[in-house]
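Trainee: Pasting in a structure now, in structure tokens, and then I'll have a few things to ask.
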Amino acid sequence: MLLSSPGNVKSSISTFSPNAKSEYKQYSRVNEVEEKKSTQKYEDDIECLSWLREINMAQYSEAFLTNLSMDGKILIRKKLQQIRQQDLPKMNVTNFVHQKILMDHIKHVLNNPFHSPARRSEIKAQLTSKYPNIELEDSMSVS
């Protein structure tokens, strides 16, 4: 086992730039900001029925509320985050295309505040490009 002598440690420390400490702090701050962006969590409530109506799938509201709600109206983000496509048939979502659309809709609502108008326009654009035959809620349908 090789151990460095005190002289070697000093010489390796002196090779760092004099601004290394401030550069490291700046690098740490940038990484911290990027990490916050990627792990940002929204705490607003997701109104199940209106959320499913956005994609014309209100028929699944009972299944979502039974499995992912505490009060029978609002979906819990933490539970919604745990849903996988494999779970949907157990919730009586057996149509494969509906499963794909729901998973896209789940991912989108988890990454955006529910009440944001930008979220609604983004999901409209995303879904209509991926699924051209999708029927969206009147307020979201393509004009």
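Letters A, B, ... go to the chains of the structure tokens in the order shown; residues in each chain start at 1; ligands are counted from 1 in the same order.
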Find the residues around segment 96-102 of chain A up to 8 Å (only C-alpha atoms counted), leave out those fewer than 3 positions away in its own chain, and share them as a PDB file with all heavy atoms, in the first residue's frame.
Mentor:
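Result went into out_30.pdb, see below:
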```pdb
ATOM      1  N   GLN A  85     -47.586   1.725 -16.455  1.00  0.00           N
ATOM      2  CA  GLN A  85     -48.562   1.262 -17.448  1.00  0.00           C
ATOM      3  C   GLN A  85     -49.090  -0.127 -17.095  1.00  0.00           C
ATOM      4  O   GLN A  85     -50.257  -0.429 -17.329  1.00  0.00           O
ATOM      5  CB  GLN A  85     -47.952   1.274 -18.847  1.00  0.00           C
ATOM      6  CG  GLN A  85     -48.991   1.002 -19.909  1.00  0.00           C
ATOM      7  CD  GLN A  85     -48.502   1.278 -21.305  1.00  0.00           C
ATOM      8  OE1 GLN A  85     -47.475   1.892 -21.500  1.00  0.00           O
ATOM      9  NE2 GLN A  85     -49.245   0.802 -22.286  1.00  0.00           N
ATOM     10  N   LEU A  88     -52.346  -0.129 -15.009  1.00  0.00           N
ATOM     11  CA  LEU A  88     -53.607   0.359 -15.560  1.00  0.00           C
ATOM     12  C   LEU A  88     -54.636  -0.740 -15.842  1.00  0.00           C
ATOM     13  O   LEU A  88     -55.818  -0.538 -15.551  1.00  0.00           O
ATOM     14  CB  LEU A  88     -53.351   1.228 -16.789  1.00  0.00           C
ATOM     15  CG  LEU A  88     -52.614   2.550 -16.477  1.00  0.00           C
ATOM     16  CD1 LEU A  88     -52.297   3.301 -17.759  1.00  0.00           C
ATOM     17  CD2 LEU A  88     -53.398   3.413 -15.518  1.00  0.00           C
ATOM     18  N   VAL A  93     -58.379  -0.169 -17.085  1.00  0.00           N
ATOM     19  CA  VAL A  93     -58.011   0.555 -18.295  1.00  0.00           C
ATOM     20  C   VAL A  93     -57.353  -0.486 -19.195  1.00  0.00           C
ATOM     21  O   VAL A  93     -56.156  -0.744 -19.094  1.00  0.00           O
ATOM     22  CB  VAL A  93     -57.040   1.720 -18.008  1.00  0.00           C
ATOM     23  CG1 VAL A  93     -56.703   2.463 -19.289  1.00  0.00           C
ATOM     24  CG2 VAL A  93     -57.615   2.657 -16.964  1.00  0.00           C
ATOM     25  N   HIS A 105     -50.228  11.644 -20.175  1.00  0.00           N
ATOM     26  CA  HIS A 105     -50.924  12.681 -19.416  1.00  0.00           C
ATOM     27  C   HIS A 105     -50.439  12.716 -17.967  1.00  0.00           C
ATOM     28  O   HIS A 105     -50.275  13.795 -17.385  1.00  0.00           O
ATOM     29  CB  HIS A 105     -52.434  12.417 -19.491  1.00  0.00           C
ATOM     30  CG  HIS A 105     -53.288  13.621 -19.287  1.00  0.00           C
ATOM     31  ND1 HIS A 105     -53.014  14.855 -19.835  1.00  0.00           N
ATOM     32  CD2 HIS A 105     -54.441  13.781 -18.584  1.00  0.00           C
ATOM     33  CE1 HIS A 105     -53.956  15.719 -19.476  1.00  0.00           C
ATOM     34  NE2 HIS A 105     -54.831  15.087 -18.715  1.00  0.00           N
ATOM     35  N   ILE A 106     -50.192  11.557 -17.391  1.00  0.00           N
ATOM     36  CA  ILE A 106     -49.665  11.481 -16.019  1.00  0.00           C
ATOM     37  C   ILE A 106     -48.286  12.126 -15.948  1.00  0.00           C
ATOM     38  O   ILE A 106     -48.019  12.961 -15.077  1.00  0.00           O
ATOM     39  CB  ILE A 106     -49.608  10.014 -15.523  1.00  0.00           C
ATOM     40  CG1 ILE A 106     -51.018   9.492 -15.262  1.00  0.00           C
ATOM     41  CG2 ILE A 106     -48.742   9.890 -14.268  1.00  0.00           C
ATOM     42  CD1 ILE A 106     -51.103   7.988 -15.017  1.00  0.00           C
ATOM     43  N   LEU A 127     -50.406  15.758 -27.318  1.00  0.00           N
ATOM     44  CA  LEU A 127     -51.319  14.653 -27.604  1.00  0.00           C
ATOM     45  C   LEU A 127     -51.825  14.668 -29.046  1.00  0.00           C
ATOM     46  O   LEU A 127     -51.937  13.615 -29.664  1.00  0.00           O
ATOM     47  CB  LEU A 127     -52.492  14.662 -26.627  1.00  0.00           C
ATOM     48  CG  LEU A 127     -52.154  14.280 -25.188  1.00  0.00           C
ATOM     49  CD1 LEU A 127     -53.372  14.435 -24.292  1.00  0.00           C
ATOM     50  CD2 LEU A 127     -51.599  12.873 -25.089  1.00  0.00           C
TER      51      LEU A 127
END
```
Trainee: With only C-alpha atoms as the counted atoms, please give the residues lying no more than 12 Å from Lys73 of chain A, apart from itself and same-chain residues fewer than 6 positions off, as JSON, numbers by chain.
Mentor: {"A": [45, 46, 47, 48, 49, 50, 51, 52, 61, 62, 63, 64, 65, 66, 67]}
Trainee: For those residues, write all heavy atoms to a file as a tab-separated table (two decimals), in the first residue's frame.
Mentor:
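Wrote it out as result_38.tsv, contents follow:
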```tsv
chain	number	residue	atom	x	y	z
A	45	ASP	N	-53.15	20.63	-6.14
A	45	ASP	CA	-54.05	19.49	-6.26
A	45	ASP	C	-54.37	19.20	-7.71
A	45	ASP	O	-54.40	20.10	-8.55
A	45	ASP	CB	-55.35	19.77	-5.50
A	45	ASP	CG	-55.13	19.91	-4.01
A	45	ASP	OD1	-54.19	19.30	-3.49
A	45	ASP	OD2	-55.91	20.64	-3.38
A	46	ILE	N	-54.61	17.93	-8.00
A	46	ILE	CA	-55.00	17.52	-9.34
A	46	ILE	C	-56.45	17.07	-9.25
A	46	ILE	O	-56.77	16.05	-8.66
A	46	ILE	CB	-54.11	16.36	-9.85
A	46	ILE	CG1	-52.65	16.81	-9.88
A	46	ILE	CG2	-54.58	15.88	-11.23
A	46	ILE	CD1	-51.67	15.69	-10.12
A	47	GLU	N	-57.33	17.87	-9.81
A	47	GLU	CA	-58.75	17.56	-9.81
A	47	GLU	C	-58.99	16.45	-10.84
A	47	GLU	O	-58.89	16.67	-12.03
A	47	GLU	CB	-59.56	18.80	-10.13
A	47	GLU	CG	-59.37	19.90	-9.12
A	47	GLU	CD	-59.77	21.27	-9.64
A	47	GLU	OE1	-60.40	21.35	-10.71
A	47	GLU	OE2	-59.42	22.24	-8.98
A	48	CYS	N	-59.30	15.28	-10.35
A	48	CYS	CA	-59.36	14.08	-11.18
A	48	CYS	C	-60.30	14.21	-12.37
A	48	CYS	O	-59.91	13.97	-13.51
A	48	CYS	CB	-59.76	12.87	-10.34
A	48	CYS	SG	-59.80	11.34	-11.27
A	49	LEU	N	-61.53	14.58	-12.13
A	49	LEU	CA	-62.51	14.61	-13.20
A	49	LEU	C	-62.14	15.61	-14.28
A	49	LEU	O	-62.17	15.29	-15.48
A	49	LEU	CB	-63.90	14.90	-12.64
A	49	LEU	CG	-65.05	14.62	-13.58
A	49	LEU	CD1	-65.01	13.18	-14.13
A	49	LEU	CD2	-66.38	14.85	-12.88
A	50	SER	N	-61.73	16.82	-13.90
A	50	SER	CA	-61.36	17.81	-14.92
A	50	SER	C	-60.08	17.39	-15.64
A	50	SER	O	-59.93	17.62	-16.84
A	50	SER	CB	-61.24	19.20	-14.33
A	50	SER	OG	-60.21	19.27	-13.39
A	51	TRP	N	-59.16	16.74	-14.92
A	51	TRP	CA	-57.91	16.28	-15.53
A	51	TRP	C	-58.21	15.21	-16.58
A	51	TRP	O	-57.66	15.23	-17.68
A	51	TRP	CB	-56.99	15.74	-14.43
A	51	TRP	CG	-55.71	15.15	-14.89
A	51	TRP	CD1	-54.65	15.81	-15.43
A	51	TRP	CD2	-55.34	13.77	-14.85
A	51	TRP	NE1	-53.64	14.93	-15.73
A	51	TRP	CE2	-54.04	13.66	-15.37
A	51	TRP	CE3	-55.99	12.62	-14.41
A	51	TRP	CZ2	-53.37	12.45	-15.48
A	51	TRP	CZ3	-55.31	11.42	-14.50
A	51	TRP	CH2	-54.03	11.35	-15.04
A	52	LEU	N	-59.09	14.26	-16.27
A	52	LEU	CA	-59.44	13.22	-17.23
A	52	LEU	C	-60.32	13.74	-18.37
A	52	LEU	O	-60.22	13.26	-19.50
A	52	LEU	CB	-60.11	12.04	-16.52
A	52	LEU	CG	-59.17	11.20	-15.67
A	52	LEU	CD1	-59.97	10.22	-14.81
A	52	LEU	CD2	-58.15	10.47	-16.52
A	61	SER	N	-62.50	7.96	-14.23
A	61	SER	CA	-62.39	8.76	-13.00
A	61	SER	C	-62.60	7.92	-11.74
A	61	SER	O	-61.87	8.07	-10.77
A	61	SER	CB	-63.35	9.94	-13.03
A	61	SER	OG	-64.68	9.49	-13.07
A	62	GLU	N	-63.57	7.03	-11.76
A	62	GLU	CA	-63.82	6.21	-10.57
A	62	GLU	C	-62.61	5.34	-10.23
A	62	GLU	O	-62.21	5.22	-9.06
A	62	GLU	CB	-65.05	5.33	-10.79
A	62	GLU	CG	-65.47	4.59	-9.53
A	62	GLU	CD	-66.74	3.77	-9.74
A	62	GLU	OE1	-67.59	4.18	-10.53
A	62	GLU	OE2	-66.84	2.72	-9.08
A	63	ALA	N	-61.99	4.75	-11.25
A	63	ALA	CA	-60.82	3.91	-11.02
A	63	ALA	C	-59.65	4.72	-10.45
A	63	ALA	O	-58.98	4.28	-9.52
A	63	ALA	CB	-60.39	3.24	-12.32
A	64	PHE	N	-59.43	5.92	-10.99
A	64	PHE	CA	-58.35	6.75	-10.49
A	64	PHE	C	-58.64	7.25	-9.08
A	64	PHE	O	-57.76	7.23	-8.23
A	64	PHE	CB	-58.09	7.94	-11.44
A	64	PHE	CG	-57.16	7.60	-12.56
A	64	PHE	CD1	-57.62	6.99	-13.71
A	64	PHE	CD2	-55.80	7.87	-12.46
A	64	PHE	CE1	-56.76	6.65	-14.74
A	64	PHE	CE2	-54.92	7.54	-13.49
A	64	PHE	CZ	-55.41	6.93	-14.63
A	65	LEU	N	-59.87	7.66	-8.84
A	65	LEU	CA	-60.22	8.16	-7.51
A	65	LEU	C	-60.16	7.06	-6.46
A	65	LEU	O	-59.71	7.28	-5.34
A	65	LEU	CB	-61.60	8.82	-7.53
A	65	LEU	CG	-61.65	10.15	-8.28
A	65	LEU	CD1	-63.09	10.62	-8.44
A	65	LEU	CD2	-60.80	11.20	-7.58
A	66	THR	N	-60.58	5.87	-6.82
A	66	THR	CA	-60.55	4.74	-5.88
A	66	THR	C	-59.12	4.40	-5.49
A	66	THR	O	-58.83	4.12	-4.32
A	66	THR	CB	-61.21	3.49	-6.50
A	66	THR	OG1	-62.56	3.81	-6.82
A	66	THR	CG2	-61.16	2.31	-5.57
A	67	ASN	N	-58.21	4.45	-6.45
A	67	ASN	CA	-56.84	4.02	-6.22
A	67	ASN	C	-55.88	5.14	-5.81
A	67	ASN	O	-54.86	4.85	-5.20
A	67	ASN	CB	-56.30	3.33	-7.47
A	67	ASN	CG	-56.98	2.01	-7.71
A	67	ASN	OD1	-56.74	1.05	-7.01
A	67	ASN	ND2	-57.88	1.98	-8.69
```
Trainee: From the list A:His115, A:Gln126, A:Leu110, A:Glu135, which residue is nearest Ile76 of chain A when using only C-alpha atoms?
Mentor: A:Leu110
Trainee: Between atom CA of Lys79 of chain A and atom CA of Pro117 of chain A, what distance in Å does the model show, to one decimal?
Mentor: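 About the pair atom CA of Lys79 of chain A and atom CA of Pro117 of chain A: they are 23.5 Å apart.
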Trainee: Which is closest to Ile74 of chain A among A:Asn56, A:Lys107, A:Phe114, A:Ile123, if we use only C-alpha atoms?
Mentor: A:Phe114
Trainee: Between A:Tyr60, A:Arg77, A:Asn112, A:Asp71, single out the one closest to Thr94 of chain A, counting only C-alpha atoms.
Mentor: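 Of the candidates, the smallest distance to Thr94 of chain A is held by A:Tyr60.
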Trainee: Go ahead and compute the interatomic distance for atom CA of Ile83 of chain A and atom CA of Pro113 of chain A, in Å to one decimal.
Mentor: 18.3 Å
Trainee: Between A:Ser121, A:Met91, A:Tyr131, A:Ala58, which has the minimum distance to Asp104 of chain A (counting only C-alpha atoms)?
Mentor: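 Comparing A:Ser121, A:Met91, A:Tyr131, A:Ala58 against Asp104 of chain A, the winner is A:Tyr131.
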Trainee: Name all residues at most 12 Å from Ala125 of chain A (count only C-alpha atoms; drop same-chain ones fewer than 2 positions away) and give them as an MDAnalysis selection string.
Mentor: chainID A and resid 55 105 108 118:123 127:132 134 136 140:143
